[in-house]
Structures are given as C-alpha cells and as structure tokens.
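Engineer: Got a structure for you, written out below as structure tokens; questions coming shortly.
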Amino acid sequence: MDKYKRLLSNTVLFGISSFASKILVFLLMPFFTRVLQLGDFGDANLITKYAQLLLPLVSLGIANAVIRFGLDKTYNKSSVFTGGFVAIMIGFTALLLCWPLLVRIPGTGQYTALLCVYILMSVLRNLCSQFVRAKQYTRLYAVDGLLNTVLYLTFVVLFLGVFKWGISGYVLATAAADFFSACFLFLVAGLRHYLSFRKFDKGVFLEMLKYAAPLIPASMFWWITNTSDHVFITYMLGNEMNGLYETAYRVPNIIMLFSTLFTEAWQLSAVTDGDRNSPGRSHFFSKVFLSYQALLFIGAAGLIYCAKLIVILLTASLTSPFYPSWQYIPVLVIATVFSCFVSFMGSIYMVEKRSGANLFTMMAGAVLNLILNFLLIPKMGPNGAALATFASYLLVFILRAINTRALLPFNLHLSRMTVSVLLLAAESVCMIAEVPYWQLWAALPALFVIVLNAKPLLLSLMKLLGHRKAE
C-alpha cells in the first residue's frame, strides 16, 4: 500500500478507536455540570491529573518502549511484552511503598486508594493497547476503543447519575472501564501467549529501560507544561476558578482529539516508512506536516470563533456558573496547536531512538512554564496560565525544530505557520476584548486562516483519492 494511503487508513482506524471516547468526554460536559459542583469538578480533574503525573513513574515509561521495540522486527515479541509487564509490577510495588507520601498530596488524602487503582488500571490497559498497536492489530485496537467508550459511559451514568458518588465516581468510572478494556485485549488478542517469564530476556529488558528512562522525566515535564497551570490556579485563585479553567480546557481537546488519532497512526508510519533506508523520507515528512499543520490551523480558527457558542452548548445556559470559561479558550486553542506540533516533532526522536533529546526539550518548556505561571497568573488570572502554556510549547517547538535538523531536515513551512499564528492571535484579541462588532472583526482573520491553509489539504485529499497527483 502507498505510504500516504497507509497513513490515512491507519488514521481512520485509530480514529474509530479514539474519536468516540474523546468526543464522548466533551459531550458529557452538560451532564458533569449538572451532577457536580463547580469546585468538585475542579477537584475531580485535579486528582486525575495527579494520576497522569505518576503514570510514567509507575510504568517506568515502558509503554513508549513497548510500541517502539514491538514494531522492530529484530526483537522477540514475548520478550517485549513480558518486559513491559515486569516493569509495571516493579513500578506499582514502589508506588505502594510510597503510600505515606501519597496521602500527603494536597486534595487527594481520602482518595489515595482510588488514585492507586486508577493508576494500575491505566498502565495495564496502556501496556495491552500499545502492544496491540505494535502488532499492528489496528482493527482490534479500534474495537477496543469503542468498547472502552461504552464501558466509560455506562460507569459514568451508574456511578454519578445513579449512585451519586461524586468525585469518587468520576475517577472510578475511568478505572473500571480501563480494567475491562485491558481484560478484553488480553483475552481476544491472545496476549497470554506473549506473557512468558521463561522468555524474559534481561538484555532486551535493560535495553527497553534504557530507551524509556529519559522519557520518564520527559513525560513529567510534559505534565508540568500541560497541567501545572491547574495546580497553580487552584492554589492561587481557588478550586472554582480551576473548575472554569478545566471547562475551557475541554474545548481545545477537540483539536487534541484529532491530533491524537493522527499521531497514533503517524508513529507507525514514521517508524516503518521513515527510517534512514526509506527513499524520500524528508519529502514524506514535509508533505505530511504541511497537511497536518493546515488542518490544525483551520480547526483552531473555527474553535476560537465559536468559543462562546460551544460553552453555551456544553453548559446548556448563558447563566451557568461555567459560562465565563469561554474567555480562556482562544489562547488555550493556540497553545494546543503547538502542543500538536511538538508531538509531531517527537516522532523523529522516536524513529532515531533519541529519547534524551526528547527529555532536554521538554525540560526547557517545563521550567519556562513554572516561571511564567508564577508571574502571570496573579496578574492575568487563568489567561496568564494559558499564555504560559503557549509560550512553553512554542519554546519546545523551536528547540525541536533546531535539534531535529541534523537528524531529518524537512520543510516546516515557517512562513505559512507564522502568518497563521498571527491571524489566530488577532482573532483571539477581538474575541477576548469583545471589541464592537467583534463577530465581524474576528471572522475576518478566521477566514484568512481558512483560505491560506485550504489548498494543501485539498491537494493532499485529491492525491489520496487518486483524482490527480499533488505537486
């Protein structure tokens, strides 16, 4: 299959897996705003974000190694999967030994046991799903995504709507869905045949850990850049303000949704079609990035312009206490676009197994994020946190753009990117400042973004559909 068509095919299949679950979380916002208080909603999300910080530590970052080594035909699949399972058991045992420290995490004391359950279920499902991806069982991966969505919806309604478990139900719904999803993959994909301690290869295990080790702090730095703003807002402005910010954060997640399903497919293509021996790999990366960039900018322009309308739909009322969250959406959308660019650049490190460079760039972004959060939130409120997130991802993107030139020089189309960002910034200013006739003034830069980026998408689509060959 042509590598572009293979990428599109995998994107569609992974989209089936990811789209339903991610869009469901977005569509459930009206339900969450009815069954949870503004402060409880912020606290519940803060617990899950603490869990996301601990996930790479507990798993020893092994999921990254499982997908990379599992795709490599030179490694025994049983050694890869068993090594991943052993790493998780070691990490979770260490987590339990740290119980006295866990109960001291602010806001999680009474939920410590639930936090541990959430983490264990998440890392086990991640291990199974990443190995299934490495085996390129894309259809099974897609079916599991749909199953996980149905399970999550069932448990959310049961735990929050029926049992009224509040914060506990919010967290437990995800953990329960992950548990049954992991069991499904383990049984249907026959993963029990790959879990063999007799085939445990210490050499492969250590090689996987060596690859994954730099990605553990890198993931934590990613968490700082992506999530520490919630912690700062909670302790500087209060949990209700964090509830507003969390609500605003859900809207850019629409972009992240499409980016994630593309990235999952792109990682396979980057490894199989982007190694040093692949002809024209620089051209391949350039063409894909241009289309990816164009799609992100068009999506961002639309989300920024519709920010108020989307929040009204999510909260079902102009008088809802969640409604003011719209004003934080524009900057968060632009920040999310650069987060997606950063992930794309990270695929080069994955191909080249340069996890150390991944660590360095994310560390720089995390440090800048902490400094700017401390300086900007007291002066600008939640938009200060959003601006800090944007600046951090911009820095990481710049560092990766410079660093990856030696590994894989490809065209980033910086002129088009710069113009698009400036237009999105103009649209955001018109929205947030609510200038007179802002609907018109914000629409103009949004339309320019669409016109500027439509052609690359149309050319790529026509090529994929076989109507004509893109130049």
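Identifiers in this document derive from the order of the structure tokens: chains are assigned A, B, ..., residues are numbered from 1 separately in each chain, and ligands are numbered from 1 in order of occurrence.
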Report as a VMD selection string: the residues of segment 9-182 of chain A with a DSSP assignment of alpha helix (DSSP H), based on the backbone of this structure.
Structural biologist: chain A and resid 9 to 27 29 to 35 38 to 59 62 to 71 77 to 97 99 to 102 112 to 134 138 to 156 166 to 182
Engineer: Output C-alpha atoms for every residue in the selection just made, as a compact mmCIF listing (two decimals), in the first residue's frame.
Structural biologist:
# COMPACT_ATOMS: atom_id res chain seq x y z
CA SER A 9 -6.06 4.07 6.55
CA ASN A 10 -4.42 3.76 9.98
CA THR A 11 -5.63 7.24 10.93
CA VAL A 12 -9.22 6.26 10.14
CA LEU A 13 -8.95 3.03 12.13
CA PHE A 14 -7.34 4.72 15.12
CA GLY A 15 -9.92 7.46 14.73
CA ILE A 16 -12.66 4.90 15.26
CA SER A 17 -10.84 3.89 18.43
CA SER A 18 -10.18 7.35 19.81
CA PHE A 19 -12.90 9.57 18.42
CA ALA A 20 -15.85 8.05 20.24
CA SER A 21 -14.19 8.12 23.65
CA LYS A 22 -12.71 11.60 23.34
CA ILE A 23 -15.81 13.21 21.85
CA LEU A 24 -17.91 11.50 24.50
CA VAL A 25 -15.97 13.23 27.27
CA PHE A 26 -16.68 16.51 25.51
CA LEU A 27 -20.37 15.77 25.05
CA MET A 29 -19.91 18.18 29.90
CA PRO A 30 -23.59 19.17 30.34
CA PHE A 31 -24.07 16.03 32.44
CA PHE A 32 -20.98 16.75 34.56
CA THR A 33 -22.03 20.36 35.13
CA ARG A 34 -25.39 19.15 36.45
CA VAL A 35 -24.20 16.36 38.77
CA LEU A 38 -18.02 23.79 40.14
CA GLY A 39 -15.44 23.16 42.89
CA ASP A 40 -15.96 19.36 42.83
CA PHE A 41 -15.44 19.31 39.08
CA GLY A 42 -12.10 21.08 39.50
CA ASP A 43 -11.03 18.74 42.34
CA ALA A 44 -12.01 15.58 40.44
CA ASN A 45 -9.97 16.63 37.44
CA LEU A 46 -7.05 17.58 39.66
CA ILE A 47 -6.96 14.01 41.05
CA THR A 48 -6.83 12.53 37.55
CA LYS A 49 -4.08 14.98 36.64
CA TYR A 50 -2.03 13.90 39.66
CA ALA A 51 -2.50 10.34 38.43
CA GLN A 52 -1.23 11.33 34.98
CA LEU A 53 1.89 12.74 36.63
CA LEU A 54 2.54 9.43 38.40
CA LEU A 55 1.75 7.19 35.42
CA PRO A 56 5.19 7.38 33.74
CA LEU A 57 6.88 6.75 37.10
CA VAL A 58 4.78 3.71 37.91
CA SER A 59 5.11 2.24 34.41
CA ILE A 62 7.73 1.27 29.42
CA ALA A 63 4.73 1.88 27.12
CA ASN A 64 6.96 4.05 24.90
CA ALA A 65 9.45 1.20 24.65
CA VAL A 66 6.75 -1.41 24.00
CA ILE A 67 5.48 0.36 20.88
CA ARG A 68 8.98 1.20 19.60
CA PHE A 69 10.58 -2.21 20.24
CA GLY A 70 7.40 -4.08 19.36
CA LEU A 71 7.47 -2.54 15.87
CA LYS A 77 7.58 -10.08 20.88
CA SER A 78 7.28 -12.20 24.04
CA SER A 79 10.41 -10.56 25.46
CA VAL A 80 8.98 -7.11 24.74
CA PHE A 81 5.54 -7.76 26.30
CA THR A 82 6.87 -9.66 29.32
CA GLY A 83 9.46 -6.96 29.90
CA GLY A 84 6.70 -4.35 29.86
CA PHE A 85 4.64 -6.31 32.40
CA VAL A 86 7.63 -6.78 34.73
CA ALA A 87 8.39 -3.06 34.59
CA ILE A 88 4.82 -2.21 35.60
CA MET A 89 4.84 -4.64 38.53
CA ILE A 90 8.12 -3.17 39.79
CA GLY A 91 6.80 0.37 39.45
CA PHE A 92 3.46 -0.33 41.13
CA THR A 93 5.15 -2.06 44.06
CA ALA A 94 7.31 1.03 44.51
CA LEU A 95 4.16 3.18 44.39
CA LEU A 96 2.57 1.22 47.24
CA LEU A 97 5.73 1.56 49.31
CA TRP A 99 1.88 5.31 50.46
CA PRO A 100 2.86 7.62 53.38
CA LEU A 101 3.90 10.22 50.80
CA LEU A 102 0.84 9.74 48.58
CA THR A 112 -5.36 7.73 47.81
CA ALA A 113 -6.57 4.14 47.35
CA LEU A 114 -8.71 5.18 44.40
CA LEU A 115 -5.75 7.06 42.93
CA CYS A 116 -3.65 3.86 43.06
CA VAL A 117 -6.41 1.79 41.46
CA TYR A 118 -6.81 4.39 38.70
CA ILE A 119 -3.06 4.29 38.01
CA LEU A 120 -2.81 0.48 37.94
CA MET A 121 -5.76 0.05 35.58
CA SER A 122 -4.42 2.79 33.30
CA VAL A 123 -0.90 1.36 32.97
CA LEU A 124 -2.18 -2.18 32.37
CA ARG A 125 -4.55 -1.07 29.64
CA ASN A 126 -1.84 1.09 28.12
CA LEU A 127 0.55 -1.88 28.04
CA CYS A 128 -2.01 -4.08 26.28
CA SER A 129 -3.14 -1.43 23.81
CA GLN A 130 0.40 -0.36 22.88
CA PHE A 131 1.41 -3.95 22.28
CA VAL A 132 -1.67 -4.50 20.11
CA ARG A 133 -0.65 -1.40 18.13
CA ALA A 134 2.90 -2.75 17.82
CA THR A 138 -5.41 -1.94 14.05
CA ARG A 139 -8.97 -3.24 13.75
CA LEU A 140 -8.85 -4.82 17.19
CA TYR A 141 -7.39 -1.59 18.58
CA ALA A 142 -10.34 0.28 17.08
CA VAL A 143 -12.89 -2.17 18.52
CA ASP A 144 -11.30 -1.82 21.95
CA GLY A 145 -11.62 1.95 21.72
CA LEU A 146 -15.34 1.64 21.08
CA LEU A 147 -15.73 -0.89 23.89
CA ASN A 148 -13.89 1.38 26.32
CA THR A 149 -16.20 4.23 25.33
CA VAL A 150 -19.33 2.19 26.01
CA LEU A 151 -17.93 1.00 29.34
CA TYR A 152 -16.97 4.52 30.39
CA LEU A 153 -20.40 5.89 29.53
CA THR A 154 -22.08 3.07 31.44
CA PHE A 155 -19.99 3.59 34.57
CA VAL A 156 -20.33 7.40 34.46
CA GLY A 166 -19.43 12.45 43.15
CA ILE A 167 -15.66 12.81 42.88
CA SER A 168 -15.08 9.11 43.63
CA GLY A 169 -17.50 8.06 40.89
CA TYR A 170 -15.86 10.41 38.39
CA VAL A 171 -12.45 8.81 38.93
CA LEU A 172 -13.67 5.24 39.36
CA ALA A 173 -15.60 5.30 36.06
CA THR A 174 -12.36 5.60 34.09
CA ALA A 175 -10.56 2.97 36.19
CA ALA A 176 -13.37 0.43 35.78
CA ALA A 177 -13.56 0.99 32.01
CA ASP A 178 -9.78 0.56 31.70
CA PHE A 179 -9.88 -2.69 33.71
CA PHE A 180 -12.45 -4.37 31.49
CA SER A 181 -10.78 -3.00 28.36
CA ALA A 182 -7.42 -4.47 29.41
Engineer: Rounded to one decimal in Å, what is the spacing between atom CA of Phe410 of chain A and atom CA of Met462 of chain A?
Structural biologist: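 Atom CA of Met462 of chain A lies at a distance of 22.5 Å from atom CA of Phe410 of chain A.
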Engineer: Using only C-alpha atoms, which residue out of A:Gly61, A:Ile224, A:Gly346, A:Leu313 lies closest to Leu209 of chain A?
Structural biologist: A:Gly61
Engineer: In Å to one decimal, how far is atom CA of Ile304 of chain A from atom CA of Phe285 of chain A?
Structural biologist: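 Between these atoms lies a distance of 28.1 Å.
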Engineer: Distance table requested - segment 298-392 of chain A against segment 253-264 of chain A, cut-off 7 Å, only C-alpha atoms: one row per qualifying residue with the closest atom pair and its distance in Å to one decimal, ordered by chain and rising residue number, as CSV.
Structural biologist:
residue,atom,partner,partner_atom,distance
A:Gly299,CA,A:Ile255,CA,6.8
A:Thr336,CA,A:Met256,CA,6.9
A:Cys340,CA,A:Ser259,CA,6.3
Engineer: Per residue of segment 84-151 of chain A within 12 Å of segment 231-244 of chain A, note the shortest atom pair and the distance in Å to one decimal, counting only C-alpha atoms, and order the rows by chain and increasing residue number, as CSV.
Structural biologist:
residue,atom,partner,partner_atom,distance
A:Ile105,CA,A:Val231,CA,11.6
A:Pro106,CA,A:Val231,CA,9.8
A:Gly107,CA,A:Thr234,CA,10.4
Engineer: With distances taken over only C-alpha atoms, which residue among A:Asn358, A:Ser420, A:Asn383, A:Thr225 lies nearest Ala300 of chain A?
Structural biologist: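 Closest to Ala300 of chain A of all the choices is A:Ser420.
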Engineer: Mind giving me the straight-line distance from atom CA of Phe159 of chain A to atom CA of Gly109 of chain A in Å, one decimal?
Structural biologist: 20.6 Å
Engineer: What's the 8 Å shell around segment 341-343 of chain A, counting only C-alpha atoms, without same-chain residues fewer than 6 positions away, as number ranges by chain?
Structural biologist: A: 263, 293, 393, 396-397, 400
Engineer: Excluding segment 370-379 of chain A and residues on its chain fewer than 5 positions from it, collect all residues at most 6 Å away from it, counting only C-alpha atoms, and give them as a list of chain:residue names.
Structural biologist: A:Gly384, A:Ala385, A:Ala388
Engineer: Give me the residues near Trp222 of chain A as an mmCIF file with C-alpha atoms, in the first residue's frame, where near means some atom within 9 Å (using only C-alpha atoms) and where sequence neighbours in that chain fewer than 5 positions away do not count.
Structural biologist:
data_model
loop_
_atom_site.group_PDB
_atom_site.id
_atom_site.type_symbol
_atom_site.label_atom_id
_atom_site.label_comp_id
_atom_site.auth_asym_id
_atom_site.auth_seq_id
_atom_site.Cartn_x
_atom_site.Cartn_y
_atom_site.Cartn_z
ATOM 1 C CA LEU A 53 1.888 12.738 36.630
ATOM 2 C CA PRO A 217 11.154 12.739 33.309
ATOM 3 C CA THR A 227 -1.129 20.539 33.720
ATOM 4 C CA MET A 362 10.527 19.135 27.448
ATOM 5 C CA MET A 363 12.607 20.144 30.486
ATOM 6 C CA GLY A 365 9.496 24.027 28.322
ATOM 7 C CA ALA A 366 8.546 22.894 31.832
#
Engineer: For Gly190 of chain A, which residue out of A:Lys135, A:Ala212, A:Leu394, A:Gly302 is the nearest one, using only C-alpha atoms?
Structural biologist: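 Nearest candidate to Gly190 of chain A out of A:Lys135, A:Ala212, A:Leu394, A:Gly302: A:Lys135.
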Engineer: Quick one: residues within 8 Å of Leu387 of chain A, only C-alpha atoms, excluding same-chain residues fewer than 6 positions away - as a PyMOL selection string?
Structural biologist: chain A and resi 331-332+335
Engineer: Could you dump the residues just selected with all heavy atoms as a short mmCIF file (atom, residue, chain, number, x, y, z; two decimals), in the first residue's frame?
Structural biologist:
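The result, written out as selection.cif:
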data_model
loop_
_atom_site.label_atom_id
_atom_site.label_comp_id
_atom_site.auth_asym_id
_atom_site.auth_seq_id
_atom_site.Cartn_x
_atom_site.Cartn_y
_atom_site.Cartn_z
N VAL A 331 -6.67 31.45 23.75
CA VAL A 331 -5.23 31.25 23.98
C VAL A 331 -4.92 29.76 24.16
O VAL A 331 -3.90 29.27 23.67
CB VAL A 331 -4.74 32.06 25.20
CG1 VAL A 331 -3.25 31.86 25.40
CG2 VAL A 331 -5.05 33.54 25.01
N LEU A 332 -5.81 29.04 24.84
CA LEU A 332 -5.59 27.60 25.03
C LEU A 332 -5.63 26.85 23.70
O LEU A 332 -4.89 25.87 23.51
CB LEU A 332 -6.65 27.03 25.97
CG LEU A 332 -6.46 27.32 27.46
CD1 LEU A 332 -7.66 26.83 28.26
CD2 LEU A 332 -5.19 26.65 27.98
N ALA A 335 -2.26 27.37 22.07
CA ALA A 335 -1.28 26.56 22.80
C ALA A 335 -1.39 25.10 22.42
O ALA A 335 -0.38 24.40 22.24
CB ALA A 335 -1.48 26.73 24.31
#
